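Trainee: Got final14.cif for you, mmCIF, C-alpha atoms (C1' of nucleotides):
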data_protein
#
loop_
_atom_site.group_PDB
_atom_site.id
_atom_site.type_symbol
_atom_site.label_atom_id
_atom_site.label_comp_id
_atom_site.auth_asym_id
_atom_site.auth_seq_id
_atom_site.Cartn_x
_atom_site.Cartn_y
_atom_site.Cartn_z
ATOM 1 C CA MET A 110 0.000 0.000 0.000
ATOM 2 C CA SER A 111 1.152 3.450 -0.720
ATOM 3 C CA GLU A 112 -0.937 6.099 0.889
ATOM 4 C CA ASP A 113 -3.303 4.560 3.314
ATOM 5 C CA ALA A 114 -2.738 7.032 6.085
ATOM 6 C CA ILE A 115 -5.949 8.338 7.552
ATOM 7 C CA HIS A 116 -6.257 12.076 7.148
ATOM 8 C CA PRO A 117 -9.534 13.588 8.207
ATOM 9 C CA PRO A 118 -10.933 16.256 5.881
ATOM 10 C CA ALA A 119 -10.373 19.840 6.933
ATOM 11 C CA GLU A 120 -14.031 20.336 7.831
ATOM 12 C CA GLY A 121 -13.978 17.232 9.967
ATOM 13 C CA LEU A 122 -11.529 18.447 12.554
ATOM 14 C CA SER A 123 -12.971 18.391 16.025
ATOM 15 C CA LEU A 124 -11.734 20.863 18.576
ATOM 16 C CA PRO A 125 -11.754 18.449 21.514
ATOM 17 C CA LYS A 126 -9.784 15.932 19.480
ATOM 18 C CA VAL A 127 -7.261 18.551 18.422
ATOM 19 C CA LEU A 128 -6.870 19.785 21.967
ATOM 20 C CA ALA A 129 -6.499 16.268 23.281
ATOM 21 C CA ALA A 130 -3.845 15.575 20.683
ATOM 22 C CA LEU A 131 -1.933 18.672 21.716
ATOM 23 C CA ALA A 132 -2.295 17.997 25.411
ATOM 24 C CA ASP A 133 0.588 15.537 25.555
ATOM 25 C CA PRO A 134 4.080 16.950 26.078
ATOM 26 C CA ALA A 135 5.630 14.587 23.566
ATOM 27 C CA ARG A 136 3.116 15.535 20.915
ATOM 28 C CA LEU A 137 3.368 19.202 21.718
ATOM 29 C CA ALA A 138 7.118 18.963 21.268
ATOM 30 C CA THR A 139 6.536 17.151 18.013
ATOM 31 C CA VAL A 140 4.258 19.869 16.698
ATOM 32 C CA ARG A 141 6.681 22.568 17.723
ATOM 33 C CA THR A 142 9.553 20.801 16.058
ATOM 34 C CA LEU A 143 7.503 20.379 12.953
ATOM 35 C CA ALA A 144 6.507 24.021 12.976
ATOM 36 C CA GLN A 145 10.118 25.076 13.096
ATOM 37 C CA GLY A 146 11.751 22.516 10.912
ATOM 38 C CA GLY A 147 9.184 22.007 8.234
ATOM 39 C CA GLU A 148 8.876 18.621 6.647
ATOM 40 C CA SER A 149 10.721 15.788 8.311
ATOM 41 C CA SER A 150 10.625 12.104 9.001
ATOM 42 C CA CYS A 151 9.442 10.333 12.119
ATOM 43 C CA ASN A 152 12.873 9.520 13.363
ATOM 44 C CA GLN A 153 14.171 12.951 12.584
ATOM 45 C CA ILE A 154 11.378 14.507 14.580
ATOM 46 C CA ARG A 155 11.959 12.177 17.458
ATOM 47 C CA HIS A 156 15.579 13.232 17.491
ATOM 48 C CA ASP A 157 14.997 16.938 16.966
ATOM 49 C CA ALA A 158 12.309 17.082 19.602
ATOM 50 C CA GLY A 159 14.548 15.281 22.032
ATOM 51 C CA LEU A 160 12.029 12.546 22.689
ATOM 52 C CA GLU A 161 13.301 9.412 24.311
ATOM 53 C CA VAL A 162 10.625 6.994 23.398
ATOM 54 C CA SER A 163 10.523 3.756 21.489
ATOM 55 C CA LYS A 164 9.681 3.527 17.830
ATOM 56 C CA SER A 165 6.262 2.162 18.585
ATOM 57 C CA THR A 166 5.447 4.894 21.038
ATOM 58 C CA MET A 167 6.562 7.492 18.542
ATOM 59 C CA SER A 168 4.424 5.893 15.913
ATOM 60 C CA HIS A 169 1.491 5.985 18.288
ATOM 61 C CA HIS A 170 1.875 9.687 18.976
ATOM 62 C CA LEU A 171 2.207 10.486 15.319
ATOM 63 C CA ARG A 172 -0.931 8.573 14.637
ATOM 64 C CA ILE A 173 -2.869 10.584 17.198
ATOM 65 C CA LEU A 174 -1.652 13.783 15.605
ATOM 66 C CA ARG A 175 -2.484 12.586 12.140
ATOM 67 C CA GLU A 176 -5.942 11.370 13.049
ATOM 68 C CA ALA A 177 -6.702 14.610 14.822
ATOM 69 C CA GLY A 178 -5.882 16.351 11.556
ATOM 70 C CA ILE A 179 -2.849 18.156 12.867
ATOM 71 C CA THR A 180 -0.270 16.554 10.659
ATOM 72 C CA GLN A 181 -0.128 15.162 7.208
ATOM 73 C CA SER A 182 2.196 12.484 5.943
ATOM 74 C CA ARG A 183 3.441 11.575 2.545
ATOM 75 C CA VAL A 184 5.541 8.603 1.671
ATOM 76 C CA GLN A 185 8.951 9.065 0.193
ATOM 77 C CA GLY A 186 10.784 5.845 -0.228
ATOM 78 C CA ALA A 187 11.109 4.108 3.059
ATOM 79 C CA ARG A 188 10.202 7.225 4.975
ATOM 80 C CA ARG A 189 7.152 9.134 5.842
ATOM 81 C CA LEU A 190 7.586 12.839 5.650
ATOM 82 C CA LEU A 191 5.350 14.774 7.974
ATOM 83 C CA THR A 192 4.107 18.309 7.784
ATOM 84 C CA LEU A 193 1.811 20.458 9.851
ATOM 85 C CA ARG A 194 -1.606 21.099 8.349
ATOM 86 C CA ARG A 195 -1.283 24.778 9.046
ATOM 87 C CA GLU A 196 -3.820 26.111 6.590
ATOM 88 C CA ASP A 197 -6.496 23.649 7.574
ATOM 89 C CA LEU A 198 -5.959 24.286 11.247
ATOM 90 C CA ASP A 199 -5.869 28.028 10.816
ATOM 91 C CA ALA A 200 -8.994 27.935 8.734
ATOM 92 C CA ARG A 201 -10.943 25.931 11.217
ATOM 93 C CA PHE A 202 -9.509 27.151 14.497
ATOM 94 C CA PRO A 203 -8.012 30.558 13.823
ATOM 95 C CA GLY A 204 -5.291 31.485 16.231
ATOM 96 C CA LEU A 205 -5.165 28.161 17.976
ATOM 97 C CA LEU A 206 -1.973 26.891 16.437
ATOM 98 C CA ASP A 207 -0.226 30.207 16.893
ATOM 99 C CA ALA A 208 -1.253 30.309 20.523
ATOM 100 C CA VAL A 209 0.032 26.820 21.122
ATOM 101 C CA LEU A 210 3.278 27.353 19.253
ATOM 102 C CA GLN A 211 4.116 30.503 21.135
ATOM 103 C CA PRO A 212 7.152 29.952 23.330
ATOM 104 C CA GLU A 213 6.087 29.429 26.916
ATOM 105 C CA PRO A 214 7.027 32.191 29.368
ATOM 106 C CA ALA A 215 9.466 29.905 31.113
ATOM 107 C CA ALA A 216 9.320 28.544 34.635
ATOM 108 C CA THR A 217 6.285 26.361 34.411
ATOM 109 C CA TYR A 218 6.705 25.630 38.057
ATOM 110 C CA MET B 776 -14.108 27.924 55.851
ATOM 111 C CA SER B 777 -13.889 30.347 53.154
ATOM 112 C CA GLU B 778 -11.290 29.656 50.585
ATOM 113 C CA ASP B 779 -10.124 26.104 50.444
ATOM 114 C CA ALA B 780 -10.147 25.810 46.694
ATOM 115 C CA ILE B 781 -6.854 25.128 45.020
ATOM 116 C CA HIS B 782 -5.934 27.803 42.522
ATOM 117 C CA PRO B 783 -2.541 27.535 40.898
ATOM 118 C CA PRO B 784 -0.647 30.810 40.561
ATOM 119 C CA ALA B 785 -0.751 32.464 37.176
ATOM 120 C CA GLU B 786 2.861 31.602 36.442
ATOM 121 C CA GLY B 787 2.201 27.989 37.303
ATOM 122 C CA LEU B 788 -0.181 27.249 34.488
ATOM 123 C CA SER B 789 1.023 24.425 32.298
ATOM 124 C CA LEU B 790 0.005 24.343 28.674
ATOM 125 C CA PRO B 791 -0.503 20.575 28.490
ATOM 126 C CA LYS B 792 -2.672 20.705 31.593
ATOM 127 C CA VAL B 793 -4.731 23.561 30.209
ATOM 128 C CA LEU B 794 -5.156 21.813 26.895
ATOM 129 C CA ALA B 795 -6.112 18.577 28.600
ATOM 130 C CA ALA B 796 -8.664 20.415 30.678
ATOM 131 C CA LEU B 797 -10.173 21.980 27.575
ATOM 132 C CA ALA B 798 -10.147 18.747 25.622
ATOM 133 C CA ASP B 799 -13.318 17.426 27.180
ATOM 134 C CA PRO B 800 -16.611 18.441 25.548
ATOM 135 C CA ALA B 801 -18.323 18.968 28.881
ATOM 136 C CA ARG B 802 -15.544 21.207 30.117
ATOM 137 C CA LEU B 803 -15.320 23.061 26.852
ATOM 138 C CA ALA B 804 -19.048 23.770 27.091
ATOM 139 C CA THR B 805 -18.515 24.902 30.636
ATOM 140 C CA VAL B 806 -15.812 27.342 29.648
ATOM 141 C CA ARG B 807 -17.896 28.722 26.828
ATOM 142 C CA THR B 808 -20.872 29.184 29.063
ATOM 143 C CA LEU B 809 -18.710 30.921 31.583
ATOM 144 C CA ALA B 810 -17.225 33.160 28.920
ATOM 145 C CA GLN B 811 -20.639 34.272 27.839
ATOM 146 C CA GLY B 812 -22.484 34.448 31.099
ATOM 147 C CA GLY B 813 -19.829 35.721 33.419
ATOM 148 C CA GLU B 814 -19.896 34.624 37.003
ATOM 149 C CA SER B 815 -22.223 31.807 37.870
ATOM 150 C CA SER B 816 -22.704 28.851 40.158
ATOM 151 C CA CYS B 817 -21.975 25.201 39.466
ATOM 152 C CA ASN B 818 -25.567 24.234 39.019
ATOM 153 C CA GLN B 819 -26.320 27.254 36.916
ATOM 154 C CA ILE B 820 -23.460 26.403 34.606
ATOM 155 C CA ARG B 821 -24.554 22.822 34.383
ATOM 156 C CA HIS B 822 -27.973 23.998 33.347
ATOM 157 C CA ASP B 823 -26.836 26.741 30.983
ATOM 158 C CA ALA B 824 -24.334 24.508 29.284
ATOM 159 C CA GLY B 825 -26.949 21.817 28.854
ATOM 160 C CA LEU B 826 -24.888 19.190 30.577
ATOM 161 C CA GLU B 827 -26.675 16.105 31.726
ATOM 162 C CA VAL B 828 -24.318 14.817 34.309
ATOM 163 C CA SER B 829 -24.561 14.109 37.989
ATOM 164 C CA LYS B 830 -23.565 16.556 40.672
ATOM 165 C CA SER B 831 -20.419 14.636 41.440
ATOM 166 C CA THR B 832 -19.369 14.485 37.804
ATOM 167 C CA MET B 833 -19.947 18.192 37.446
ATOM 168 C CA SER B 834 -17.914 18.815 40.537
ATOM 169 C CA HIS B 835 -15.143 16.696 39.093
ATOM 170 C CA HIS B 836 -15.039 18.640 35.842
ATOM 171 C CA LEU B 837 -15.024 21.926 37.649
ATOM 172 C CA ARG B 838 -12.170 20.747 39.739
ATOM 173 C CA ILE B 839 -10.119 19.879 36.676
ATOM 174 C CA LEU B 840 -10.760 23.334 35.274
ATOM 175 C CA ARG B 841 -9.899 24.996 38.530
ATOM 176 C CA GLU B 842 -6.711 23.021 39.049
ATOM 177 C CA ALA B 843 -5.611 23.729 35.508
ATOM 178 C CA GLY B 844 -5.960 27.408 36.336
ATOM 179 C CA ILE B 845 -8.786 28.052 33.935
ATOM 180 C CA THR B 846 -11.421 29.005 36.427
ATOM 181 C CA GLN B 847 -11.550 30.676 39.768
ATOM 182 C CA SER B 848 -14.141 30.212 42.446
ATOM 183 C CA ARG B 849 -15.250 32.314 45.315
ATOM 184 C CA VAL B 850 -17.714 31.308 47.954
ATOM 185 C CA GLN B 851 -20.933 33.187 48.391
ATOM 186 C CA GLY B 852 -23.160 31.640 50.964
ATOM 187 C CA ALA B 853 -23.905 28.090 50.012
ATOM 188 C CA ARG B 854 -22.715 28.608 46.473
ATOM 189 C CA ARG B 855 -19.485 28.798 44.693
ATOM 190 C CA LEU B 856 -19.381 31.417 42.035
ATOM 191 C CA LEU B 857 -17.057 30.628 39.184
ATOM 192 C CA THR B 858 -15.318 32.915 36.771
ATOM 193 C CA LEU B 859 -12.869 32.468 33.942
ATOM 194 C CA ARG B 860 -9.304 33.499 34.689
ATOM 195 C CA ARG B 861 -9.133 35.454 31.497
ATOM 196 C CA GLU B 862 -6.302 37.800 32.329
ATOM 197 C CA ASP B 863 -4.069 35.059 33.656
ATOM 198 C CA LEU B 864 -4.741 32.835 30.687
ATOM 199 C CA ASP B 865 -4.264 35.640 28.202
ATOM 200 C CA ALA B 866 -1.052 36.674 29.886
ATOM 201 C CA ARG B 867 0.411 33.226 29.825
ATOM 202 C CA PHE B 868 -1.012 31.809 26.629
ATOM 203 C CA PRO B 869 -1.974 34.773 24.460
ATOM 204 C CA GLY B 870 -4.688 33.987 21.979
ATOM 205 C CA LEU B 871 -5.403 30.531 23.272
ATOM 206 C CA LEU B 872 -8.632 31.286 25.038
ATOM 207 C CA ASP B 873 -9.920 33.386 22.165
ATOM 208 C CA ALA B 874 -9.116 30.623 19.730
ATOM 209 C CA VAL B 875 -10.912 28.058 21.808
ATOM 210 C CA LEU B 876 -13.921 30.253 22.472
ATOM 211 C CA GLN B 877 -14.404 31.101 18.842
ATOM 212 C CA PRO B 878 -17.617 29.577 17.557
ATOM 213 C CA GLU B 879 -16.854 26.462 15.606
ATOM 214 C CA PRO B 880 -17.508 26.654 11.878
ATOM 215 C CA ALA B 881 -20.459 24.316 12.206
ATOM 216 C CA ALA B 882 -20.652 20.644 11.504
ATOM 217 C CA THR B 883 -17.976 19.605 13.874
ATOM 218 C CA TYR B 884 -19.481 16.216 14.244
ATOM 219 C "C1'" DC C 1017 -35.106 23.390 64.926
ATOM 220 C "C1'" DG C 1018 -35.501 20.716 60.801
ATOM 221 C "C1'" DA C 1019 -35.910 20.140 55.868
ATOM 222 C "C1'" DA C 1020 -34.211 21.181 51.532
ATOM 223 C "C1'" DC C 1021 -30.375 22.942 48.801
ATOM 224 C "C1'" DA C 1022 -25.248 23.570 47.024
ATOM 225 C "C1'" DG C 1023 -21.346 21.443 46.589
ATOM 226 C "C1'" DT C 1024 -17.369 18.265 47.885
ATOM 227 C "C1'" DA C 1025 -15.208 13.735 49.072
ATOM 228 C "C1'" DC C 1026 -14.914 8.941 48.584
ATOM 229 C "C1'" DG C 1027 -15.121 4.407 46.575
ATOM 230 C "C1'" DA C 1028 -16.231 1.607 42.558
ATOM 231 C "C1'" DC C 1029 -16.166 0.540 37.884
ATOM 232 C "C1'" DA C 1030 -15.437 0.635 32.913
ATOM 233 C "C1'" DG C 1031 -12.966 2.750 29.249
ATOM 234 C "C1'" DT C 1032 -9.071 5.133 27.480
ATOM 235 C "C1'" DG C 1033 -4.192 6.240 26.921
ATOM 236 C "C1'" DG C 1034 0.910 5.985 27.065
ATOM 237 C "C1'" DT C 1035 4.493 2.782 27.192
ATOM 238 C "C1'" DC C 1036 7.120 -1.100 25.671
ATOM 239 C "C1'" DG C 1037 8.967 -5.276 22.998
ATOM 240 C "C1'" DA C 1038 8.355 -8.278 19.304
ATOM 241 C "C1'" DA C 1039 6.923 -9.393 14.846
ATOM 242 C "C1'" DC C 1040 5.937 -7.723 10.298
ATOM 243 C "C1'" DT C 1041 6.225 -4.972 5.699
ATOM 244 C "C1'" DT C 1042 8.490 -2.110 2.653
ATOM 245 C "C1'" DC C 1043 12.303 0.045 0.920
ATOM 246 C "C1'" DC C 1044 17.126 1.076 0.260
ATOM 247 C "C1'" DT C 1045 21.936 -0.405 -0.341
ATOM 248 C "C1'" DG C 1046 26.127 -3.069 -0.504
ATOM 249 C "C1'" DC D 829 20.021 -11.280 -3.086
ATOM 250 C "C1'" DA D 830 20.916 -10.457 1.846
ATOM 251 C "C1'" DG D 831 21.057 -7.294 5.458
ATOM 252 C "C1'" DG D 832 19.606 -3.298 7.526
ATOM 253 C "C1'" DA D 833 16.812 0.817 8.150
ATOM 254 C "C1'" DA D 834 12.001 3.064 8.624
ATOM 255 C "C1'" DG D 835 7.584 2.591 10.320
ATOM 256 C "C1'" DT D 836 3.311 0.142 11.551
ATOM 257 C "C1'" DT D 837 0.718 -3.197 14.057
ATOM 258 C "C1'" DC D 838 -0.257 -6.133 17.894
ATOM 259 C "C1'" DG D 839 -0.739 -7.631 22.571
ATOM 260 C "C1'" DA D 840 0.312 -6.649 27.260
ATOM 261 C "C1'" DC D 841 0.498 -3.755 31.172
ATOM 262 C "C1'" DC D 842 -0.448 -0.067 34.265
ATOM 263 C "C1'" DA D 843 -1.938 4.553 35.166
ATOM 264 C "C1'" DC D 844 -5.240 7.827 34.560
ATOM 265 C "C1'" DT D 845 -10.042 9.547 33.608
ATOM 266 C "C1'" DG D 846 -15.112 10.024 33.291
ATOM 267 C "C1'" DT D 847 -19.030 8.347 35.338
ATOM 268 C "C1'" DC D 848 -22.055 7.321 39.053
ATOM 269 C "C1'" DG D 849 -24.241 6.736 43.829
ATOM 270 C "C1'" DT D 850 -23.729 7.582 48.463
ATOM 271 C "C1'" DA D 851 -22.356 9.972 52.311
ATOM 272 C "C1'" DC D 852 -20.788 14.201 54.178
ATOM 273 C "C1'" DT D 853 -20.371 19.499 55.361
ATOM 274 C "C1'" DG D 854 -22.158 23.762 55.286
ATOM 275 C "C1'" DT D 855 -26.119 27.139 54.178
ATOM 276 C "C1'" DT D 856 -30.585 28.926 53.647
ATOM 277 C "C1'" DC D 857 -35.320 29.181 54.787
ATOM 278 C "C1'" DG D 858 -39.986 27.650 56.533
#
Could you show the structure in this file as structure tokens?

Mentor:
Amino acid sequence: MSEDAIHPPAEGLSLPKVLAALADPARLATVRTLAQGGESSCNQIRHDAGLEVSKSTMSHHLRILREAGITQSRVQGARRLLTLRREDLDARFPGLLDAVLQPEPAATY
Amino acid sequence: MSEDAIHPPAEGLSLPKVLAALADPARLATVRTLAQGGESSCNQIRHDAGLEVSKSTMSHHLRILREAGITQSRVQGARRLLTLRREDLDARFPGLLDAVLQPEPAATY
DNA sequence: CGAACAGTACGACAGTGGTCGAACTTCCTG
DNA sequence: CAGGAAGTTCGACCACTGTCGTACTGTTCG
């Protein structure tokens, strides 16, 4: 199979699902990395985001993001290149992505 | 006893926690109701938001919101009057609340 | 005072979610 | 072609979460 990945249509994005997807630190880091670095592969993201999780866990997180409509993946050879679905997200939830991507004011605790 | 409720300091708000708190439909409805109606009591919110949950469940949701730093409660007689912590949220996560409160472009489900 | 009301606390229970290792598929490369 | 790299899928496990009913504290009012 080539492109079986499940990508919900732009109109189908649900706010609770999107928020839930973003509510995990690992996935938040993933989204931020993706926002900065543009298109990259699963492993690359895992490395860039500094995530110390197994392949399967990473795959799981990426699936949540994809199924929430936050990311998009295309296959290139043995890799899957991921991108943020910026336009779709901005269209449906204006300002949300920007708010979430904003650097946090430090000292969370 | 007057003020036993746990309210995290404004600087202590964690984005994942806030997002997780907002990721539940019941709590999202609660926040929206609160944003529109201003200060109101638990039961009033439950009614206004059209939530059909038990008292204890409602109390649970409100606790999550409070502990995430999204709401604030003050005691007035037998009631607890809740408000959104708009300023704190806007200060720490600019645009987030507005993005989440924005009416959804219909047909979310 | 006593009954009804507002809300919290606790315990139980089912469902979900994050984590891993192992097995598998597909692709690239020597 | 054989070996390895990139990801996904699967089953297991444990922690967390949403739900409820019940019991409790405190308040208002008849």

Trainee: Quick one: which residues end up in the PyMOL selection byres ((chain B and resi 842-857) around 10) for this structure, as JSON, numbers by chain?

Mentor: {"B": [776, 777, 778, 779, 780, 781, 782, 783, 784, 785, 786, 787, 788, 789, 790, 791, 792, 793, 794, 795, 796, 797, 806, 809, 813, 814, 815, 816, 817, 818, 819, 820, 836, 837, 838, 839, 840, 841, 858, 859, 860, 861, 863, 864, 872], "C": [1021, 1022, 1023], "D": [854, 855, 856]}

Trainee: Atom C1' of C:DG1034 and atom CA of A:Glu161, how far apart in Å?

Mentor: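 Atom-to-atom, atom CA of A:Glu161 and atom C1' of C:DG1034 are spaced 13.1 Å apart.
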
Trainee: Got a sec to resolve the PyMOL selection byres ((chain D and resi 858) around 12) on this structure and send the residues as a PDB file with C-alpha atoms (C1' of nucleotides), in the coordinates of the input?

Mentor:
ATOM      1  C1'  DC C1017     -35.106  23.390  64.926  1.00  0.00           C
ATOM      2  C1'  DG C1018     -35.501  20.716  60.801  1.00  0.00           C
ATOM      3  C1'  DA C1019     -35.910  20.140  55.868  1.00  0.00           C
ATOM      4  C1'  DA C1020     -34.211  21.181  51.532  1.00  0.00           C
TER       5       DA C1020
ATOM      6  C1'  DT D 856     -30.585  28.926  53.647  1.00  0.00           C
ATOM      7  C1'  DC D 857     -35.320  29.181  54.787  1.00  0.00           C
TER       8       DC D 857
END

Trainee: All in-order C-alpha pairs, least squares, chain B moved onto chain A. Output the fitted coordinates as a CSV table (one decimal) with C-alpha atoms, in the coordinates of the input, please.

Mentor:
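In the end it all went to result-v8.csv:
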chain,number,residue,atom,x,y,z
B,776,MET,CA,1.0,1.0,-1.2
B,777,SER,CA,1.3,4.6,-1.2
B,778,GLU,CA,-1.2,6.4,0.8
B,779,ASP,CA,-2.9,4.4,3.5
B,780,ALA,CA,-2.7,7.0,6.2
B,781,ILE,CA,-5.9,8.3,7.6
B,782,HIS,CA,-6.3,12.0,7.2
B,783,PRO,CA,-9.6,13.5,8.3
B,784,PRO,CA,-10.9,16.2,6.0
B,785,ALA,CA,-10.4,19.8,7.0
B,786,GLU,CA,-14.0,20.3,7.9
B,787,GLY,CA,-13.9,17.2,10.0
B,788,LEU,CA,-11.5,18.4,12.6
B,789,SER,CA,-13.0,18.4,16.1
B,790,LEU,CA,-11.7,20.9,18.6
B,791,PRO,CA,-11.8,18.5,21.6
B,792,LYS,CA,-9.8,16.0,19.6
B,793,VAL,CA,-7.3,18.6,18.5
B,794,LEU,CA,-6.9,19.8,22.0
B,795,ALA,CA,-6.5,16.3,23.4
B,796,ALA,CA,-3.9,15.6,20.8
B,797,LEU,CA,-2.0,18.7,21.8
B,798,ALA,CA,-2.3,18.1,25.5
B,799,ASP,CA,0.5,15.6,25.6
B,800,PRO,CA,4.0,17.0,26.2
B,801,ALA,CA,5.6,14.6,23.7
B,802,ARG,CA,3.1,15.6,21.0
B,803,LEU,CA,3.3,19.2,21.8
B,804,ALA,CA,7.1,19.0,21.3
B,805,THR,CA,6.5,17.2,18.1
B,806,VAL,CA,4.2,19.9,16.8
B,807,ARG,CA,6.7,22.6,17.7
B,808,THR,CA,9.5,20.8,16.1
B,809,LEU,CA,7.5,20.4,13.0
B,810,ALA,CA,6.5,24.0,13.0
B,811,GLN,CA,10.1,25.1,13.1
B,812,GLY,CA,11.8,22.5,10.9
B,813,GLY,CA,9.2,22.0,8.3
B,814,GLU,CA,8.9,18.6,6.7
B,815,SER,CA,10.7,15.7,8.4
B,816,SER,CA,10.6,12.0,9.1
B,817,CYS,CA,9.4,10.3,12.2
B,818,ASN,CA,12.8,9.5,13.5
B,819,GLN,CA,14.1,12.9,12.7
B,820,ILE,CA,11.4,14.5,14.7
B,821,ARG,CA,11.9,12.2,17.6
B,822,HIS,CA,15.5,13.2,17.6
B,823,ASP,CA,15.0,16.9,17.0
B,824,ALA,CA,12.3,17.1,19.7
B,825,GLY,CA,14.5,15.3,22.1
B,826,LEU,CA,12.0,12.6,22.8
B,827,GLU,CA,13.2,9.5,24.5
B,828,VAL,CA,10.6,7.0,23.5
B,829,SER,CA,10.5,3.8,21.6
B,830,LYS,CA,9.7,3.5,18.0
B,831,SER,CA,6.2,2.2,18.7
B,832,THR,CA,5.4,4.9,21.1
B,833,MET,CA,6.5,7.5,18.7
B,834,SER,CA,4.4,5.9,16.0
B,835,HIS,CA,1.5,6.0,18.4
B,836,HIS,CA,1.8,9.7,19.1
B,837,LEU,CA,2.2,10.5,15.4
B,838,ARG,CA,-0.9,8.6,14.7
B,839,ILE,CA,-2.9,10.6,17.3
B,840,LEU,CA,-1.7,13.8,15.7
B,841,ARG,CA,-2.5,12.6,12.2
B,842,GLU,CA,-6.0,11.4,13.1
B,843,ALA,CA,-6.7,14.6,14.9
B,844,GLY,CA,-5.9,16.3,11.6
B,845,ILE,CA,-2.9,18.1,12.9
B,846,THR,CA,-0.3,16.5,10.7
B,847,GLN,CA,-0.1,15.1,7.3
B,848,SER,CA,2.2,12.5,6.0
B,849,ARG,CA,3.4,11.5,2.6
B,850,VAL,CA,5.5,8.6,1.8
B,851,GLN,CA,8.9,9.0,0.3
B,852,GLY,CA,10.8,5.8,-0.1
B,853,ALA,CA,11.0,4.0,3.2
B,854,ARG,CA,10.2,7.2,5.1
B,855,ARG,CA,7.1,9.1,5.9
B,856,LEU,CA,7.6,12.8,5.7
B,857,LEU,CA,5.3,14.7,8.1
B,858,THR,CA,4.1,18.3,7.9
B,859,LEU,CA,1.8,20.4,9.9
B,860,ARG,CA,-1.6,21.1,8.4
B,861,ARG,CA,-1.3,24.7,9.1
B,862,GLU,CA,-3.8,26.1,6.6
B,863,ASP,CA,-6.5,23.6,7.6
B,864,LEU,CA,-6.0,24.3,11.3
B,865,ASP,CA,-5.9,28.0,10.8
B,866,ALA,CA,-9.0,27.9,8.7
B,867,ARG,CA,-10.9,25.9,11.2
B,868,PHE,CA,-9.5,27.1,14.5
B,869,PRO,CA,-8.0,30.6,13.8
B,870,GLY,CA,-5.3,31.5,16.2
B,871,LEU,CA,-5.2,28.2,18.0
B,872,LEU,CA,-2.0,26.9,16.4
B,873,ASP,CA,-0.2,30.2,16.9
B,874,ALA,CA,-1.3,30.4,20.5
B,875,VAL,CA,0.0,26.9,21.1
B,876,LEU,CA,3.3,27.4,19.2
B,877,GLN,CA,4.1,30.6,21.1
B,878,PRO,CA,7.1,30.1,23.3
B,879,GLU,CA,6.1,29.6,26.8
B,880,PRO,CA,7.0,32.4,29.2
B,881,ALA,CA,9.5,30.2,30.9
B,882,ALA,CA,9.2,28.3,34.1
B,883,THR,CA,6.3,26.3,33.1
B,884,TYR,CA,7.3,23.6,35.5

Trainee: Any idea which chain D residues end up within 9 Å of chain A if we count all atoms listed in the file, as a list of chain:residue names please?

Mentor: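 Applying the cut-off to the listed atoms yields D:DA833, D:DA834, D:DG835, D:DT836, D:DT837.
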
Trainee: To test your reading of the syntax: which residues would the PyMOL selection byres ((chain D and resi 849) around 10) return for the file shown? Reply as a ChimeraX atom specification.

Mentor: /B:829,831 /C:1027-1028 /D:848,850-851

Trainee: So how far away is atom CA of A:Ala208 from atom CA of B:Gly870, in Å?

Mentor: 5.2 Å

Trainee: Using only C-alpha atoms (C1' of nucleotides), which of the listed residues (C:DC1040, C:DA1030, C:DT1024, C:DT1035) sits closest to chain A?

Mentor: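 So, comparing all the options, the nearest one is C:DT1035.
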
Trainee: Mind pulling up the distance from atom C1' of D:DA830 to atom C1' of C:DT1041?

Mentor: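 Here the two named atoms are 16.1 Å from each other.
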
Trainee: If the box runs along x, y and z of the file and leaves 3 Å on each side of stretch 170-174 of chain A, what are its centre and edge lengths in Å, one decimal, as JSON?

Mentor:
{"center_x": -0.3, "center_y": 11.2, "center_z": 16.8, "size_x": 11.1, "size_y": 11.2, "size_z": 10.3}
